[in-house]
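Heads up, the thing below is written out as structure tokens.
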Amino acid sequence: MIRSEFRKITSVRSPWLLLAAGPLIVVAGVTGLIQSGGNVHNPAVQRQALAHAGLAAIITLLFGIVAVAGEYRHGSIADTFLSCPDRRRVITAKLTVYGLIGAAAGLVSSAVAVGVTAAWWAAKGGSFRLSGTDTWLTLGGGLAACFAFAVIGVGLGALVRNLVGAVAAALAWIALVEGIVGQIIGSGLARWLPFYASEALDRTDLGGPSRLLPQWGGGLVLLGYAMVFAGAAVVTTLRRDVT
Amino acid sequence: MELEVRGLTKTFGPVTAVREVSFRAPAGQVTGLLGPNGSGKTTTLRATLGLVRPTAGTALIGGLAYRSLPRPRRIVGAMLEATGFHPGRRARDHLRVLAAAADVPDRRVDAVLDQVGLADAAGRRVRGFSLGMKQRLSLAAALLGDPQVLLLDEPANGLDPAGIAWLRGLLRGLADEGRTILVASHVLGEVAQTADRVVIVSAGRLRFAGPLDELGGTGTALESAFLRLTGAPA
């Protein structure tokens, strides 16, 4: 099943075009930080710049959704289940393959973040330092977020199945709903929401509540969301009729 | 290998799509599954393939439910109407994806493309295919595992007259090799020329199951029998 999923993803172009948007966002984000007056002599600003690696998680979320909901949209899911009636294996293969590709996309985004940040620092006369635990925790957090959101995407796609609906719901949640919910329930609870948790994990800190969870806490919470979505995907997929 | 449907019932919410349908499709014969639109043909096929869960009853292939078959594509091939393709994928890649999932060797991919007459289009993306070509690709997918049992839903849709004649010859040949062929259709003339046996369903209920000869055998006789059995005004 895993080989079949790899063949699926390597035989079409659209998912790769989608994934390519991740590094572009990172380049644009770091550039924006510098153009808006980021001080290259401040180590905290360097961390902020590198944290843009985590922005690619939005792309891996969409990538995971498309992997499953796209099959329902094109009607190829019936053929997939005919090849492998054990639907648990189908979903597990998708979680594995798309989680791995999500992590790989996170790795690429981290490398791009390092490259672009180093280039800007050189251009502006700052001294860029790749050493230090802080740097690696920031980049590693971004990579972990890309992995977790790819898994969440697969789960969401399997739950909602309608491609447009799932993408719209995910984007609305990111752009709007979570912020509103966060204000209603207060920052003490809001930090447990998925995108607040991811801000703690990848250290993007987009101006949410100032009291985010610690990075490891954000990572654990996000892993919990990933497991819940993956579990729900398996349970609902086993029961549903494919008509 | 015989296909047997026993007391199959399927409800979708308040709608009963299929009610206590039972029939057999023996090996070495073409069995036509006939019925008006919405009579439960497709639901019967989908339940047989484990895609929808029966409310009651079973469908067995060689004595086993589809979900219990080891490497099912090597035993059962299915061509369903709603089965789709990623428009950006090439025909050969589509079959290679299925071959990997079904544990079928890759050399079968070119063999079935050749068998359905798509060898020249193997490297083209499905987006540019006509309906007839998509039907042929679906059929190639069904044949991929060299199965003993074939289930086809309206296979002649979108085929031109030459394609329909070709399909008839193909199905006849496969049945003569001892395979079990079940063809759902509402094109009576087509079934009258191909099938050995017919199963007629209407409004989800079984109306007839037996040799085509018992209904008169010819196209016109089949038509009047069909209209009588399905309760449509003649």
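Letters for chains follow the order of the structure tokens (A, B, ...), residue numbers begin at 1 for each chain, and ligand numbers begin at 1 in the order shown.
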
Using only C-alpha atoms, find the residues of chain B whose closest atom to chain A is at most 7 Å away, then write them as a PDB file with N, CA and C atoms, in the first residue's frame.
```
ATOM      1  N   LEU B  51     -17.937  -2.302  -0.824  1.00  0.00           N
ATOM      2  CA  LEU B  51     -17.857  -0.835  -0.784  1.00  0.00           C
ATOM      3  C   LEU B  51     -18.991  -0.256   0.049  1.00  0.00           C
ATOM      4  N   VAL B  52     -20.160  -0.908   0.005  1.00  0.00           N
ATOM      5  CA  VAL B  52     -21.223  -0.543   0.936  1.00  0.00           C
ATOM      6  C   VAL B  52     -21.509  -1.758   1.815  1.00  0.00           C
ATOM      7  N   ARG B  53     -21.855  -1.473   3.046  1.00  0.00           N
ATOM      8  CA  ARG B  53     -22.088  -2.524   4.026  1.00  0.00           C
ATOM      9  C   ARG B  53     -23.564  -2.932   3.975  1.00  0.00           C
ATOM     10  N   ARG B  67     -14.264  -8.789   1.327  1.00  0.00           N
ATOM     11  CA  ARG B  67     -13.291  -8.288   2.296  1.00  0.00           C
ATOM     12  C   ARG B  67     -12.399  -9.389   2.861  1.00  0.00           C
ATOM     13  N   PRO B  72      -7.620  -9.460  -3.343  1.00  0.00           N
ATOM     14  CA  PRO B  72      -8.902  -9.567  -4.050  1.00  0.00           C
ATOM     15  C   PRO B  72      -8.842  -9.254  -5.546  1.00  0.00           C
ATOM     16  N   ARG B  73      -7.975  -8.329  -5.962  1.00  0.00           N
ATOM     17  CA  ARG B  73      -7.952  -7.983  -7.390  1.00  0.00           C
ATOM     18  C   ARG B  73      -7.483  -9.137  -8.272  1.00  0.00           C
ATOM     19  N   ALA B  82     -18.992   4.855 -11.156  1.00  0.00           N
ATOM     20  CA  ALA B  82     -18.542   6.050 -10.450  1.00  0.00           C
ATOM     21  C   ALA B  82     -17.039   6.050 -10.186  1.00  0.00           C
ATOM     22  N   THR B  83     -16.361   4.976 -10.585  1.00  0.00           N
ATOM     23  CA  THR B  83     -14.923   4.943 -10.341  1.00  0.00           C
ATOM     24  C   THR B  83     -14.244   5.964 -11.229  1.00  0.00           C
ATOM     25  N   GLY B  84     -13.446   6.794 -10.610  1.00  0.00           N
ATOM     26  CA  GLY B  84     -12.867   7.892 -11.372  1.00  0.00           C
ATOM     27  C   GLY B  84     -11.358   7.826 -11.442  1.00  0.00           C
ATOM     28  N   PHE B  85     -10.828   8.824 -12.093  1.00  0.00           N
ATOM     29  CA  PHE B  85      -9.389   8.912 -12.272  1.00  0.00           C
ATOM     30  C   PHE B  85      -8.924  10.299 -11.880  1.00  0.00           C
ATOM     31  N   HIS B  86      -7.695  10.390 -11.417  1.00  0.00           N
ATOM     32  CA  HIS B  86      -7.095  11.708 -11.272  1.00  0.00           C
ATOM     33  C   HIS B  86      -6.828  12.218 -12.686  1.00  0.00           C
ATOM     34  N   GLY B  88      -4.950  14.357 -13.929  1.00  0.00           N
ATOM     35  CA  GLY B  88      -3.574  14.668 -14.300  1.00  0.00           C
ATOM     36  C   GLY B  88      -2.659  13.460 -14.370  1.00  0.00           C
ATOM     37  N   ARG B  89      -3.223  12.260 -14.149  1.00  0.00           N
ATOM     38  CA  ARG B  89      -2.370  11.069 -14.124  1.00  0.00           C
ATOM     39  C   ARG B  89      -2.422  10.374 -15.487  1.00  0.00           C
ATOM     40  N   ASP B  93       0.353   5.135 -15.491  1.00  0.00           N
ATOM     41  CA  ASP B  93       0.603   5.399 -14.068  1.00  0.00           C
ATOM     42  C   ASP B  93      -0.610   5.036 -13.213  1.00  0.00           C
ATOM     43  N   VAL B  97      -0.336   2.422 -10.125  1.00  0.00           N
ATOM     44  CA  VAL B  97      -0.781   2.680  -8.751  1.00  0.00           C
ATOM     45  C   VAL B  97      -1.611   1.500  -8.249  1.00  0.00           C
ATOM     46  N   LEU B  98      -2.553   1.054  -9.099  1.00  0.00           N
ATOM     47  CA  LEU B  98      -3.420  -0.055  -8.697  1.00  0.00           C
ATOM     48  C   LEU B  98      -2.629  -1.353  -8.564  1.00  0.00           C
ATOM     49  N   ALA B 100       0.443  -1.769  -7.684  1.00  0.00           N
ATOM     50  CA  ALA B 100       1.216  -1.789  -6.434  1.00  0.00           C
ATOM     51  C   ALA B 100       0.299  -2.105  -5.251  1.00  0.00           C
ATOM     52  N   ALA B 101      -0.906  -1.523  -5.246  1.00  0.00           N
ATOM     53  CA  ALA B 101      -1.822  -1.752  -4.131  1.00  0.00           C
ATOM     54  C   ALA B 101      -2.370  -3.173  -4.163  1.00  0.00           C
ATOM     55  N   ALA B 102      -2.512  -3.734  -5.357  1.00  0.00           N
ATOM     56  CA  ALA B 102      -3.163  -5.039  -5.497  1.00  0.00           C
ATOM     57  C   ALA B 102      -2.162  -6.187  -5.502  1.00  0.00           C
TER      58      ALA B 102
END
```

Per DSSP on the backbone, what are the alpha helix (DSSP H) residues of range 56-122 of chain B, as a PyMOL selection string? chain B and resi 91-102+107-115

Take the residues from that selection and write them out as a PDB file, in the first residue's frame, keeping N, CA, C and O atoms.
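And here is the file that came out, selection_27.pdb:
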```
ATOM      1  N   ALA B  91      -2.403   7.205 -18.131  1.00  0.00           N
ATOM      2  CA  ALA B  91      -3.110   5.927 -18.066  1.00  0.00           C
ATOM      3  C   ALA B  91      -2.228   4.828 -17.469  1.00  0.00           C
ATOM      4  O   ALA B  91      -2.660   4.083 -16.595  1.00  0.00           O
ATOM      5  N   ARG B  92      -0.976   4.759 -17.926  1.00  0.00           N
ATOM      6  CA  ARG B  92      -0.102   3.703 -17.417  1.00  0.00           C
ATOM      7  C   ARG B  92       0.149   3.884 -15.925  1.00  0.00           C
ATOM      8  O   ARG B  92       0.144   2.914 -15.160  1.00  0.00           O
ATOM      9  N   ASP B  93       0.353   5.135 -15.491  1.00  0.00           N
ATOM     10  CA  ASP B  93       0.603   5.399 -14.068  1.00  0.00           C
ATOM     11  C   ASP B  93      -0.610   5.036 -13.213  1.00  0.00           C
ATOM     12  O   ASP B  93      -0.472   4.538 -12.096  1.00  0.00           O
ATOM     13  N   HIS B  94      -1.813   5.305 -13.757  1.00  0.00           N
ATOM     14  CA  HIS B  94      -3.032   4.939 -13.036  1.00  0.00           C
ATOM     15  C   HIS B  94      -3.016   3.438 -12.725  1.00  0.00           C
ATOM     16  O   HIS B  94      -3.286   3.017 -11.598  1.00  0.00           O
ATOM     17  N   LEU B  95      -2.682   2.647 -13.723  1.00  0.00           N
ATOM     18  CA  LEU B  95      -2.676   1.190 -13.527  1.00  0.00           C
ATOM     19  C   LEU B  95      -1.502   0.742 -12.653  1.00  0.00           C
ATOM     20  O   LEU B  95      -1.616  -0.228 -11.904  1.00  0.00           O
ATOM     21  N   ARG B  96      -0.392   1.470 -12.728  1.00  0.00           N
ATOM     22  CA  ARG B  96       0.750   1.111 -11.878  1.00  0.00           C
ATOM     23  C   ARG B  96       0.435   1.357 -10.395  1.00  0.00           C
ATOM     24  O   ARG B  96       0.871   0.603  -9.525  1.00  0.00           O
ATOM     25  N   VAL B  97      -0.336   2.422 -10.125  1.00  0.00           N
ATOM     26  CA  VAL B  97      -0.781   2.680  -8.751  1.00  0.00           C
ATOM     27  C   VAL B  97      -1.611   1.500  -8.249  1.00  0.00           C
ATOM     28  O   VAL B  97      -1.403   0.987  -7.145  1.00  0.00           O
ATOM     29  N   LEU B  98      -2.553   1.054  -9.099  1.00  0.00           N
ATOM     30  CA  LEU B  98      -3.420  -0.055  -8.697  1.00  0.00           C
ATOM     31  C   LEU B  98      -2.629  -1.353  -8.564  1.00  0.00           C
ATOM     32  O   LEU B  98      -2.866  -2.151  -7.652  1.00  0.00           O
ATOM     33  N   ALA B  99      -1.676  -1.558  -9.475  1.00  0.00           N
ATOM     34  CA  ALA B  99      -0.885  -2.796  -9.442  1.00  0.00           C
ATOM     35  C   ALA B  99      -0.110  -2.893  -8.127  1.00  0.00           C
ATOM     36  O   ALA B  99      -0.051  -3.970  -7.516  1.00  0.00           O
ATOM     37  N   ALA B 100       0.443  -1.769  -7.684  1.00  0.00           N
ATOM     38  CA  ALA B 100       1.216  -1.789  -6.434  1.00  0.00           C
ATOM     39  C   ALA B 100       0.299  -2.105  -5.251  1.00  0.00           C
ATOM     40  O   ALA B 100       0.656  -2.882  -4.363  1.00  0.00           O
ATOM     41  N   ALA B 101      -0.906  -1.523  -5.246  1.00  0.00           N
ATOM     42  CA  ALA B 101      -1.822  -1.752  -4.131  1.00  0.00           C
ATOM     43  C   ALA B 101      -2.370  -3.173  -4.163  1.00  0.00           C
ATOM     44  O   ALA B 101      -2.669  -3.750  -3.126  1.00  0.00           O
ATOM     45  N   ALA B 102      -2.512  -3.734  -5.357  1.00  0.00           N
ATOM     46  CA  ALA B 102      -3.163  -5.039  -5.497  1.00  0.00           C
ATOM     47  C   ALA B 102      -2.162  -6.187  -5.502  1.00  0.00           C
ATOM     48  O   ALA B 102      -2.562  -7.343  -5.595  1.00  0.00           O
ATOM     49  N   ARG B 107       4.279  -5.969 -15.068  1.00  0.00           N
ATOM     50  CA  ARG B 107       4.185  -6.315 -16.495  1.00  0.00           C
ATOM     51  C   ARG B 107       2.739  -6.489 -16.937  1.00  0.00           C
ATOM     52  O   ARG B 107       2.422  -6.389 -18.111  1.00  0.00           O
ATOM     53  N   ARG B 108       1.837  -6.719 -15.988  1.00  0.00           N
ATOM     54  CA  ARG B 108       0.422  -6.839 -16.328  1.00  0.00           C
ATOM     55  C   ARG B 108      -0.143  -5.506 -16.847  1.00  0.00           C
ATOM     56  O   ARG B 108      -1.122  -5.483 -17.582  1.00  0.00           O
ATOM     57  N   VAL B 109       0.473  -4.404 -16.435  1.00  0.00           N
ATOM     58  CA  VAL B 109      -0.035  -3.076 -16.817  1.00  0.00           C
ATOM     59  C   VAL B 109      -0.045  -2.926 -18.333  1.00  0.00           C
ATOM     60  O   VAL B 109      -1.070  -2.591 -18.933  1.00  0.00           O
ATOM     61  N   ASP B 110       1.082  -3.213 -18.979  1.00  0.00           N
ATOM     62  CA  ASP B 110       1.125  -3.067 -20.430  1.00  0.00           C
ATOM     63  C   ASP B 110       0.296  -4.144 -21.114  1.00  0.00           C
ATOM     64  O   ASP B 110      -0.280  -3.908 -22.175  1.00  0.00           O
ATOM     65  N   ALA B 111       0.218  -5.312 -20.480  1.00  0.00           N
ATOM     66  CA  ALA B 111      -0.587  -6.390 -21.064  1.00  0.00           C
ATOM     67  C   ALA B 111      -2.057  -5.987 -21.147  1.00  0.00           C
ATOM     68  O   ALA B 111      -2.700  -6.163 -22.184  1.00  0.00           O
ATOM     69  N   VAL B 112      -2.609  -5.401 -20.065  1.00  0.00           N
ATOM     70  CA  VAL B 112      -4.037  -5.043 -20.105  1.00  0.00           C
ATOM     71  C   VAL B 112      -4.286  -3.800 -20.959  1.00  0.00           C
ATOM     72  O   VAL B 112      -5.324  -3.685 -21.609  1.00  0.00           O
ATOM     73  N   LEU B 113      -3.319  -2.878 -20.992  1.00  0.00           N
ATOM     74  CA  LEU B 113      -3.478  -1.711 -21.875  1.00  0.00           C
ATOM     75  C   LEU B 113      -3.593  -2.178 -23.323  1.00  0.00           C
ATOM     76  O   LEU B 113      -4.397  -1.672 -24.106  1.00  0.00           O
ATOM     77  N   ASP B 114      -2.792  -3.168 -23.661  1.00  0.00           N
ATOM     78  CA  ASP B 114      -2.828  -3.756 -24.988  1.00  0.00           C
ATOM     79  C   ASP B 114      -4.164  -4.464 -25.221  1.00  0.00           C
ATOM     80  O   ASP B 114      -4.798  -4.313 -26.264  1.00  0.00           O
ATOM     81  N   GLN B 115      -4.603  -5.197 -24.208  1.00  0.00           N
ATOM     82  CA  GLN B 115      -5.837  -5.983 -24.322  1.00  0.00           C
ATOM     83  C   GLN B 115      -7.067  -5.108 -24.584  1.00  0.00           C
ATOM     84  O   GLN B 115      -7.970  -5.506 -25.301  1.00  0.00           O
TER      85      GLN B 115
END
```

Might you pull out every residue within 9 Å of Thr43 in chain B, with only C-alpha atoms counted and same-chain residues fewer than 3 positions away left off, and present them as a short mmCIF file (atom, residue, chain, number, x, y, z; two decimals) with C-alpha atoms, in the first residue's frame?
```
data_model
loop_
_atom_site.label_atom_id
_atom_site.label_comp_id
_atom_site.auth_asym_id
_atom_site.auth_seq_id
_atom_site.Cartn_x
_atom_site.Cartn_y
_atom_site.Cartn_z
CA THR A 243 -21.33 5.23 -3.12
CA LYS B 10 -29.49 -2.34 1.88
CA ALA B 17 -32.28 0.42 -2.27
CA VAL B 18 -32.22 -3.39 -2.29
CA SER B 39 -33.60 -0.34 -9.31
CA GLY B 40 -30.68 -1.37 -7.10
CA ARG B 46 -21.16 -2.29 -4.54
CA ALA B 47 -22.35 -4.45 -1.66
CA THR B 48 -20.81 -7.49 -3.35
CA VAL B 52 -21.22 -0.54 0.94
#
```

Could you tell me how far CA of Gly179 in chain A lies from CA of Leu33 in chain A, in Å and to one decimal?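 Pair CA of Gly179 in chain A / CA of Leu33 in chain A returns 22.3 Å.
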
Would you mind reading off the distance between CA of Met133 in chain B and CA of Ala184 in chain B, one decimal, in Å?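 Atom-to-atom, CA of Met133 in chain B to CA of Ala184 in chain B, that is 19.4 Å.
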
d(CA of Arg6 in chain B, CA of Thr237 in chain A) in Å: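 CA of Thr237 in chain A lies 25.6 Å from CA of Arg6 in chain B.
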